[in-house]
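Chemist: This is the content of entry.pdb (PDB, C-alpha atoms and all ligand atoms):
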```pdb
ATOM      1  CA  MET H   1       0.000   0.000   0.000  1.00  0.00           C
ATOM      2  CA  GLY H   2       2.685   2.488   1.072  1.00  0.00           C
ATOM      3  CA  HIS H   3       4.801   1.231  -1.770  1.00  0.00           C
ATOM      4  CA  ALA H   4       2.144   2.175  -4.357  1.00  0.00           C
ATOM      5  CA  THR H   5       1.700   5.644  -2.833  1.00  0.00           C
ATOM      6  CA  ILE H   6       5.402   6.410  -3.240  1.00  0.00           C
ATOM      7  CA  GLU H   7       5.269   5.335  -6.861  1.00  0.00           C
ATOM      8  CA  TRP H   8       2.299   7.593  -7.531  1.00  0.00           C
ATOM      9  CA  VAL H   9       4.094  10.530  -5.887  1.00  0.00           C
ATOM     10  CA  TYR H  10       7.088   9.830  -8.111  1.00  0.00           C
ATOM     11  CA  VAL H  11       4.898   9.752 -11.242  1.00  0.00           C
ATOM     12  CA  ALA H  12       3.194  12.996 -10.208  1.00  0.00           C
ATOM     13  CA  VAL H  13       6.548  14.750  -9.648  1.00  0.00           C
ATOM     14  CA  VAL H  14       7.841  13.638 -13.057  1.00  0.00           C
ATOM     15  CA  ILE H  15       4.629  14.798 -14.781  1.00  0.00           C
ATOM     16  CA  ALA H  16       4.811  18.146 -12.963  1.00  0.00           C
ATOM     17  CA  LEU H  17       8.430  18.623 -14.069  1.00  0.00           C
ATOM     18  CA  LEU H  18       7.577  17.815 -17.699  1.00  0.00           C
ATOM     19  CA  ILE H  19       4.706  20.308 -17.668  1.00  0.00           C
ATOM     20  CA  TYR H  20       6.925  22.984 -16.119  1.00  0.00           C
ATOM     21  CA  VAL H  21       9.771  22.514 -18.637  1.00  0.00           C
ATOM     22  CA  GLY H  22       7.358  22.352 -21.582  1.00  0.00           C
ATOM     23  CA  ALA H  23       5.472  25.489 -20.520  1.00  0.00           C
ATOM     24  CA  ASP H  24       8.699  27.418 -20.004  1.00  0.00           C
ATOM     25  CA  ALA H  25      10.058  26.466 -23.435  1.00  0.00           C
ATOM     26  CA  TRP H  26       6.735  27.372 -25.039  1.00  0.00           C
ATOM     27  CA  ASN H  27       6.786  30.758 -23.311  1.00  0.00           C
ATOM     28  CA  VAL H  28      10.346  31.574 -24.469  1.00  0.00           C
ATOM     29  CA  GLU H  29       9.456  30.624 -28.034  1.00  0.00           C
ATOM     30  CA  ARG H  30       6.310  32.763 -27.914  1.00  0.00           C
ATOM     31  CA  LYS H  31       8.329  35.776 -26.721  1.00  0.00           C
ATOM     32  CA  LEU H  32      10.895  35.329 -29.509  1.00  0.00           C
ATOM     33  CA  ASP H  33       8.120  35.167 -32.102  1.00  0.00           C
ATOM     34  CA  GLU H  34       6.669  38.476 -30.945  1.00  0.00           C
ATOM     35  CA  THR H  35       8.217  41.504 -32.631  1.00  0.00           C
ATOM     36  CA  PRO H  36       8.585  44.428 -30.184  1.00  0.00           C
ATOM     37  CA  PRO H  37       5.883  47.032 -30.976  1.00  0.00           C
ATOM     38  CA  ASN H  38       8.494  49.810 -31.298  1.00  0.00           C
ATOM     39  CA  ALA H  39      10.548  47.899 -33.900  1.00  0.00           C
ATOM     40  CA  GLN H  40      11.788  49.835 -36.940  1.00  0.00           C
ATOM     41  CA  LEU H  41      10.867  48.341 -40.293  1.00  0.00           C
ATOM     42  CA  ILE H  42      13.496  47.570 -42.908  1.00  0.00           C
ATOM     43  CA  LYS H  43      12.387  46.096 -46.234  1.00  0.00           C
ATOM     44  CA  VAL H  44      14.975  43.707 -47.600  1.00  0.00           C
ATOM     45  CA  THR H  45      14.955  42.732 -51.271  1.00  0.00           C
ATOM     46  CA  ALA H  46      17.235  40.035 -52.591  1.00  0.00           C
ATOM     47  CA  GLN H  47      18.108  39.602 -56.223  1.00  0.00           C
ATOM     48  CA  GLN H  48      20.942  38.087 -58.205  1.00  0.00           C
ATOM     49  CA  TRP H  49      23.310  39.049 -56.738  1.00  0.00           C
ATOM     50  CA  PHE H  50      22.849  41.905 -54.325  1.00  0.00           C
ATOM     51  CA  TRP H  51      20.748  43.198 -51.448  1.00  0.00           C
ATOM     52  CA  THR H  52      18.573  46.306 -51.360  1.00  0.00           C
ATOM     53  CA  PHE H  53      17.448  47.764 -48.035  1.00  0.00           C
ATOM     54  CA  GLU H  54      14.679  50.300 -47.590  1.00  0.00           C
ATOM     55  CA  HIS H  55      14.264  52.130 -44.290  1.00  0.00           C
ATOM     56  CA  GLU H  56      10.943  53.316 -42.894  1.00  0.00           C
ATOM     57  CA  ASN H  57      11.677  56.890 -44.044  1.00  0.00           C
ATOM     58  CA  GLY H  58      12.186  55.723 -47.636  1.00  0.00           C
ATOM     59  CA  THR H  59      15.990  55.826 -47.571  1.00  0.00           C
ATOM     60  CA  GLN H  60      17.446  53.064 -49.704  1.00  0.00           C
ATOM     61  CA  GLU H  61      20.781  51.362 -49.396  1.00  0.00           C
ATOM     62  CA  ILE H  62      22.327  48.872 -51.782  1.00  0.00           C
ATOM     63  CA  GLY H  63      25.017  46.483 -50.657  1.00  0.00           C
ATOM     64  CA  GLN H  64      25.193  48.065 -47.218  1.00  0.00           C
ATOM     65  CA  LEU H  65      22.912  48.650 -44.268  1.00  0.00           C
ATOM     66  CA  HIS H  66      23.198  51.170 -41.447  1.00  0.00           C
ATOM     67  CA  VAL H  67      21.407  50.442 -38.191  1.00  0.00           C
ATOM     68  CA  VAL H  68      21.576  51.767 -34.647  1.00  0.00           C
ATOM     69  CA  LYS H  69      22.676  49.720 -31.679  1.00  0.00           C
ATOM     70  CA  GLY H  70      19.934  48.843 -29.203  1.00  0.00           C
ATOM     71  CA  VAL H  71      17.044  49.491 -31.598  1.00  0.00           C
ATOM     72  CA  PRO H  72      14.768  46.566 -32.451  1.00  0.00           C
ATOM     73  CA  TYR H  73      14.462  46.076 -36.195  1.00  0.00           C
ATOM     74  CA  ARG H  74      11.876  44.084 -38.070  1.00  0.00           C
ATOM     75  CA  PHE H  75      12.979  42.898 -41.497  1.00  0.00           C
ATOM     76  CA  GLU H  76      10.469  42.190 -44.232  1.00  0.00           C
ATOM     77  CA  VAL H  77      12.385  39.944 -46.580  1.00  0.00           C
ATOM     78  CA  THR H  78      11.495  39.077 -50.151  1.00  0.00           C
ATOM     79  CA  SER H  79      13.164  38.267 -53.479  1.00  0.00           C
ATOM     80  CA  ARG H  80      12.843  39.596 -57.044  1.00  0.00           C
ATOM     81  CA  ASP H  81      14.000  36.463 -58.821  1.00  0.00           C
ATOM     82  CA  VAL H  82      15.035  33.184 -57.225  1.00  0.00           C
ATOM     83  CA  ASN H  83      15.197  31.914 -53.657  1.00  0.00           C
ATOM     84  CA  HIS H  84      17.846  33.541 -51.483  1.00  0.00           C
ATOM     85  CA  ALA H  85      18.361  33.619 -47.732  1.00  0.00           C
ATOM     86  CA  PHE H  86      19.026  36.681 -45.598  1.00  0.00           C
ATOM     87  CA  ASN H  87      21.738  35.861 -43.071  1.00  0.00           C
ATOM     88  CA  ILE H  88      23.560  37.976 -40.484  1.00  0.00           C
ATOM     89  CA  PRO H  89      25.764  35.313 -38.890  1.00  0.00           C
ATOM     90  CA  ASP H  90      27.045  37.487 -36.022  1.00  0.00           C
ATOM     91  CA  PHE H  91      23.492  38.097 -34.807  1.00  0.00           C
ATOM     92  CA  SER H  92      22.091  34.649 -35.596  1.00  0.00           C
ATOM     93  CA  THR H  93      19.613  36.135 -38.038  1.00  0.00           C
ATOM     94  CA  LEU H  94      18.486  33.912 -40.889  1.00  0.00           C
ATOM     95  CA  ILE H  95      15.356  33.808 -43.009  1.00  0.00           C
ATOM     96  CA  ASP H  96      14.436  32.753 -46.542  1.00  0.00           C
ATOM     97  CA  ALA H  97      13.987  35.378 -49.257  1.00  0.00           C
ATOM     98  CA  VAL H  98      11.331  33.945 -51.556  1.00  0.00           C
ATOM     99  CA  PRO H  99       9.738  35.592 -54.626  1.00  0.00           C
ATOM    100  CA  GLY H 100       6.118  36.602 -54.064  1.00  0.00           C
ATOM    101  CA  ARG H 101       6.345  36.178 -50.332  1.00  0.00           C
ATOM    102  CA  ILE H 102       7.320  38.420 -47.416  1.00  0.00           C
ATOM    103  CA  ASN H 103       9.043  36.736 -44.497  1.00  0.00           C
ATOM    104  CA  ASN H 104       9.521  38.511 -41.186  1.00  0.00           C
ATOM    105  CA  VAL H 105      12.440  38.351 -38.817  1.00  0.00           C
ATOM    106  CA  TRP H 106      13.446  40.736 -36.054  1.00  0.00           C
ATOM    107  CA  THR H 107      16.572  41.380 -34.070  1.00  0.00           C
ATOM    108  CA  ILE H 108      18.317  43.878 -31.800  1.00  0.00           C
ATOM    109  CA  PHE H 109      21.948  44.681 -32.566  1.00  0.00           C
ATOM    110  CA  ASP H 110      23.629  44.834 -29.185  1.00  0.00           C
ATOM    111  CA  GLN H 111      27.204  45.421 -30.402  1.00  0.00           C
ATOM    112  CA  SER H 112      28.343  48.294 -32.562  1.00  0.00           C
ATOM    113  CA  GLY H 113      30.753  47.599 -35.406  1.00  0.00           C
ATOM    114  CA  GLN H 114      30.931  46.315 -38.930  1.00  0.00           C
ATOM    115  CA  TYR H 115      29.468  42.948 -39.816  1.00  0.00           C
ATOM    116  CA  LEU H 116      28.683  40.737 -42.758  1.00  0.00           C
ATOM    117  CA  ILE H 117      25.340  40.095 -44.396  1.00  0.00           C
ATOM    118  CA  GLN H 118      25.495  37.018 -46.578  1.00  0.00           C
ATOM    119  CA  CYS H 119      23.168  35.095 -48.835  1.00  0.00           C
ATOM    120  CA  ARG H 120      22.782  31.672 -47.295  1.00  0.00           C
ATOM    121  CA  GLU H 121      20.962  29.954 -50.163  1.00  0.00           C
ATOM    122  CA  TYR H 122      22.760  28.943 -53.319  1.00  0.00           C
ATOM    123  CA  CYS H 123      21.183  31.259 -55.884  1.00  0.00           C
ATOM    124  CA  GLY H 124      23.320  31.028 -58.995  1.00  0.00           C
ATOM    125  CA  PHE H 125      26.704  31.857 -60.437  1.00  0.00           C
ATOM    126  CA  SER H 126      27.708  34.785 -58.185  1.00  0.00           C
ATOM    127  CA  HIS H 127      26.048  33.514 -55.030  1.00  0.00           C
ATOM    128  CA  TYR H 128      29.363  33.551 -53.176  1.00  0.00           C
ATOM    129  CA  GLN H 129      29.632  37.308 -53.845  1.00  0.00           C
ATOM    130  CA  MET H 130      26.141  38.124 -52.640  1.00  0.00           C
ATOM    131  CA  ARG H 131      27.167  39.999 -49.548  1.00  0.00           C
ATOM    132  CA  ALA H 132      26.422  43.308 -47.914  1.00  0.00           C
ATOM    133  CA  LYS H 133      28.096  45.284 -45.148  1.00  0.00           C
ATOM    134  CA  LEU H 134      26.204  45.876 -41.937  1.00  0.00           C
ATOM    135  CA  PHE H 135      27.146  48.965 -39.935  1.00  0.00           C
ATOM    136  CA  VAL H 136      25.848  48.960 -36.372  1.00  0.00           C
ATOM    137  CA  GLU H 137      26.275  52.497 -35.083  1.00  0.00           C
ATOM    138  CA  GLU H 138      26.244  53.915 -31.590  1.00  0.00           C
ATOM    139  CA  PRO H 139      22.970  55.728 -30.827  1.00  0.00           C
ATOM    140  CA  SER H 140      24.767  59.090 -30.552  1.00  0.00           C
ATOM    141  CA  SER H 141      26.530  59.004 -33.909  1.00  0.00           C
ATOM    142  CA  ASN H 142      25.036  60.342 -37.141  1.00  0.00           C
ATOM    143  CA  SER H 143      23.269  57.527 -38.853  1.00  0.00           C
ATOM    144  CA  THR H 144      21.881  57.343 -42.342  1.00  0.00           C
ATOM    145  CA  SER H 145      19.039  55.233 -41.078  1.00  0.00           C
ATOM    146  CA  ALA H 146      17.600  58.239 -39.218  1.00  0.00           C
ATOM    147  CA  THR H 147      16.173  56.067 -36.523  1.00  0.00           C
ATOM    148  CA  LYS H 148      15.735  57.054 -32.925  1.00  0.00           C
ATOM    149  CA  PRO H 149      17.329  54.773 -30.380  1.00  0.00           C
ATOM    150  CA  VAL H 150      15.027  53.484 -27.712  1.00  0.00           C
ATOM    151  CA  ASP H 151      15.804  52.502 -24.164  1.00  0.00           C
ATOM    152  CA  LEU H 152      15.770  48.760 -23.897  1.00  0.00           C
ATOM    153  CA  THR H 153      16.467  46.918 -20.730  1.00  0.00           C
ATOM    154  CA  PRO H 154      17.949  44.440 -21.006  1.00  0.00           C
ATOM    155  CA  SER H 155      19.459  44.718 -24.445  1.00  0.00           C
ATOM    156  CA  VAL H 156      19.508  41.289 -25.958  1.00  0.00           C
ATOM    157  CA  GLY H 157      20.722  39.873 -29.231  1.00  0.00           C
ATOM    158  CA  ALA H 158      17.654  37.754 -29.556  1.00  0.00           C
ATOM    159  CA  THR H 159      16.378  36.754 -32.932  1.00  0.00           C
ATOM    160  CA  ALA H 160      13.139  35.158 -33.903  1.00  0.00           C
ATOM    161  CA  LEU H 161      11.943  33.597 -37.065  1.00  0.00           C
ATOM    162  CA  THR H 162       8.342  33.884 -38.067  1.00  0.00           C
ATOM    163  CA  GLY H 163       6.626  32.576 -41.165  1.00  0.00           C
TER     164      GLY H 163
HETATM  165 CU    CU V 201      21.546  34.400 -53.043  1.00  0.00          CU
END
```
Let me see whether you can do it: turn the structure in this file into structure tokens.
Ligand SMILES: [Cu+2]
Modeler:
Amino acid sequence: MGHATIEWVYVAVVIALLIYVGADAWNVERKLDETPPNAQLIKVTAQQWFWTFEHENGTQEIGQLHVVKGVPYRFEVTSRDVNHAFNIPDFSTLIDAVPGRINNVWTIFDQSGQYLIQCREYCGFSHYQMRAKLFVEEPSSNSTSATKPVDLTPSVGATALTG
């Protein structure tokens, strides 16, 4: 009798732990999927074999992108020709660029400096050259992106992929 009770307590503890771990993982994933409401929009267009970026204020950049440290950015990514993939390896940002479709990804750049944007999907002859330079600027410096830095605590380099 006592033996069976202990077994049931054990089963209950294991079930409780599984529910706790599952709920926590689900919650983290849900948070990563949610773009911060104050995120700046950047439209990203891929085509053989270069990247075009359009800021919210209409400013366009080709082959380079200027952003401000600490600001959340939402990227709307599409393609003009074949499938590409928008990848910023240093900030673990990766999403497909597909013709006729807009894919969303968001990130916060928490380190200033110069980084690489690279196509991560083989897209033809010059795929290996399909790169762009990413400039993450300090909030105080003059930026071509004309975005206002926002106070974010804590600043995280989190990235989420959404369909
Ligand atoms: Cu490509």
Chemist: How far is it from CA of Thr78 in chain H to CA of Arg120 in chain H, in Å with one decimal?
Modeler: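 Value for the CA of Thr78 in chain H-CA of Arg120 in chain H distance: 13.8 Å.
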Chemist: 9 Å from ligand CU 201 (chain V) is the threshold here; counting only C-alpha atoms and all ligand atoms, which polymer residues fall inside it? Answer as JSON, numbers by chain.
Modeler: {"H": [46, 47, 48, 49, 50, 51, 82, 83, 84, 85, 86, 97, 118, 119, 120, 121, 122, 123, 124, 126, 127, 128, 129, 130, 131]}
Chemist: Go ahead and compute the interatomic distance for CA of Ala39 in chain H and CA of Tyr73 in chain H, in Å to one decimal.
Modeler: 4.9 Å
Chemist: Mind pulling up the distance from CA of Gln64 in chain H to CA of Ile88 in chain H?
Modeler: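 Calculated distance between CA of Ile88 in chain H and CA of Gln64 in chain H is 12.2 Å.
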Chemist: So, with all atoms listed in the file as the atoms that count, which of H:Leu134, H:Ile19, H:Ile62, H:Val9 lies closest to Gly113 in chain H?
Modeler: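 Among H:Leu134, H:Ile19, H:Ile62, H:Val9, it is H:Leu134 that comes nearest to Gly113 in chain H.
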Chemist: Taking all atoms listed in the file into account, which of H:Thr93, H:Gln111, H:Asn27, H:Asn103 comes nearest Val44 in chain H?
Modeler: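 Ranking H:Thr93, H:Gln111, H:Asn27, H:Asn103 by distance to Val44 in chain H, first place goes to H:Asn103.
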Chemist: Would you write out, as a VMD selection string, every residue that the PyMOL selection byres (((chain H and resi 76) around 7) and not hetatm) captures in this file?
Modeler: chain H and resid 42 to 44 74 to 75 77 to 78 102 to 105
Chemist: Give the answer as one residue: which of H:Ala132, H:Ile117, H:Val68, H:Ile15 has the shortest atom-to-atom distance to Asn87 in chain H, using all atoms listed in the file?
Modeler: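 Using all atoms listed in the file, Asn87 in chain H sits closest to H:Ile117.
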Chemist: For Lys69 in chain H, find every residue with an atom within 10 Å (counting all atoms listed in the file), except residues of its own chain fewer than 6 positions away, and show them as a list in words.
Modeler: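 Everything that qualifies: Ile108, Phe109, Asp110, Gln111, Ser112, Gly113, Phe135, Val136, Glu137, Glu138, Pro139, Ser140, Pro149, Val150 and Ser155 of chain H.
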Chemist: Enclose range 75-81 of chain H, meaning all of its atoms listed in the file, in a box aligned along x, y and z, pad it by 6 Å on each side, and list the centre and edge lengths in Å to one decimal, as JSON.
Modeler:
```
{"center_x": 12.2, "center_y": 39.7, "center_z": -50.2, "size_x": 15.5, "size_y": 18.4, "size_z": 29.3}
```
